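Beneath this line is the structure, given in structure tokens, with notes to follow.
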Amino acid sequence: MSLMGSGENKREQRVGGFHEMGDMDKKIEPGAAGEQELEQALKNFRLSVVAWSDAAYSRPRTAAQVVRHRSWRLAAGWALGCALVAGGLSGAGYERHHRQEVARIAAERAAEQQRMVREREGLLREEQAKAEEEDLLAKVDSDVSREVPSAMEPLAQLMAEDERK
Amino acid sequence: MAAGTTLEPMTRATAENFAARELETAGEEFSLVVERHRPQIFRFLLASTRDMDLAETLTQECFLKAHRNWGSFRGESSAMTWLMRIAINLQKDHWRNRRMQFWRHTQTNSVDLDEAGEWLASGESSAEKQLLAREQVGHVWAAVKGLSERQRTVFLLRYVEEQELSEIARATGLSEGTVKAHLSRAVGRVRAELGVRQ
């Protein structure tokens, strides 16, 4: 007796069946109760699956329920997707605005600093010009005072004395 | 050729008619294939997934895919083997996708083993025999649940679909030796579950 089931001649006649398999190669004694039990279990299993499948195949379909279930999931998926997209967009917008604001403040600070530097430089330049002007006047004074012809020297001395008096 | 008959040159209209008739024939052939093999494909997918809705969806996908590729089916294997191969691949893809999409609801709609084992053929005579049969079926389901995907596929093709080893090898893309090895392990597991000594 093979494991194929006694009533299933088609399977028993097969060449490429159980008899080729390693652990099924040995002939099973008719009295091997364990193998009979296995054979019976496999047969019952097959019949059970067939009965279940036949019943499931011809059962009334619940298409509406499935569709509703799927549409609910689809709607939830869309809502989540929209929320994620909106969140992403608003985040990107905020990030952009924040960057623009930071750049504007930095530009203002840089302009302020440049203005202060320019003012400082202007003051320095003014002071320098003043000093140069004073130096020049002093030089002119001294030059003018010294440029007296030698013939006029006695008169200049007299004037100096006169001033002293 | 009979005297007086002449071969008319094939005009565009006759070529279109010919193509349309070919398409129609192919469509009819495919309808026959669907009618003949759909219950079997559904049964295999139901036993693999223990989920009626999923089995139905995968069966539809299987025949949709088969319809799209019907033109490329060269008849090297039987239509059943070809369809079974598509079904096995769809099933594999489904589980792979399910593992990837962990955020989707992780619970499957699979019925539990007790429910699956409730189904019995109406042939059992006594209540005692029915109880015994139910118990045996439950044990086999428990063993099947513990099998790897490949072992389960091979086991179901062999003991539910009653396919030849060569057919199983063609449908799964495995060698016959590998099929035998998987089958041997699967049967060993069933045997252990039943408490049967070798």
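Chain labels follow the order of the structure tokens: the first chain is A, the next B, and so on; residue numbering restarts at 1 in every chain, and ligands are counted from 1 in their shown order.
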What are the closest atom pairs, with distances in Å to one decimal, for each residue of chain A lying within 6 Å of chain B, using only C-alpha atoms, rows by chain and rising residue number, as a tab-separated table?
```
residue	atom	partner	partner_atom	distance
A:Gly16	CA	B:Leu165	CA	5.8
A:Met21	CA	B:Lys180	CA	5.8
A:Gly34	CA	B:Val196	CA	5.2
A:Ala41	CA	B:Gln136	CA	5.2
A:Phe45	CA	B:Val137	CA	4.9
A:Arg46	CA	B:Val160	CA	4.9
A:Leu47	CA	B:Ala121	CA	5.6
A:Ser48	CA	B:Leu120	CA	4.5
A:Ala51	CA	B:Ala121	CA	5.9
A:Trp52	CA	B:Trp119	CA	5.6
A:Ser53	CA	B:Arg43	CA	5.3
```
Could the residues in this selection be written to a file with C-alpha atoms, as an mmCIF file, in the first residue's frame?
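Produced file selection_15.cif, reproduced below:
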```
data_model
loop_
_atom_site.group_PDB
_atom_site.id
_atom_site.type_symbol
_atom_site.label_atom_id
_atom_site.label_comp_id
_atom_site.auth_asym_id
_atom_site.auth_seq_id
_atom_site.Cartn_x
_atom_site.Cartn_y
_atom_site.Cartn_z
ATOM 1 C CA GLY A 16 7.195 10.360 -10.506
ATOM 2 C CA MET A 21 11.295 10.149 -2.776
ATOM 3 C CA GLY A 34 1.733 4.833 11.531
ATOM 4 C CA ALA A 41 -4.269 12.372 7.627
ATOM 5 C CA PHE A 45 -6.280 17.252 4.844
ATOM 6 C CA ARG A 46 -6.748 17.322 1.092
ATOM 7 C CA LEU A 47 -10.491 16.680 1.361
ATOM 8 C CA SER A 48 -10.773 19.367 4.001
ATOM 9 C CA ALA A 51 -14.319 21.329 0.866
ATOM 10 C CA TRP A 52 -13.217 24.676 2.274
ATOM 11 C CA SER A 53 -12.116 25.950 -1.122
#
```
Next on the checklist: Please compute the atom CA of Gln36 of chain A-atom CA of Thr178 of chain B distance, one decimal, in Å.
Outcome noted: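 Atom-to-atom, atom CA of Gln36 of chain A to atom CA of Thr178 of chain B, that is 25.9 Å.
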Item to check | Separation of atom CA of Ala76 of chain A from atom CA of Cys62 of chain B, in Å and rounded to one decimal | outcome: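 Atom-to-atom, atom CA of Ala76 of chain A to atom CA of Cys62 of chain B, that is 28.2 Å.
Note that atom CA of Ala75 of chain A and atom CA of Glu61 of chain B are 23.5 Å apart.
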Next on the checklist: List as a PyMOL selection string the protein and nucleic acid residues near Lys65 of chain B, meaning an atom at most 9 Å away when only C-alpha atoms are counted, but skip any in the same chain fewer than 5 places from it.
Outcome noted: chain B and resi 60+70+86
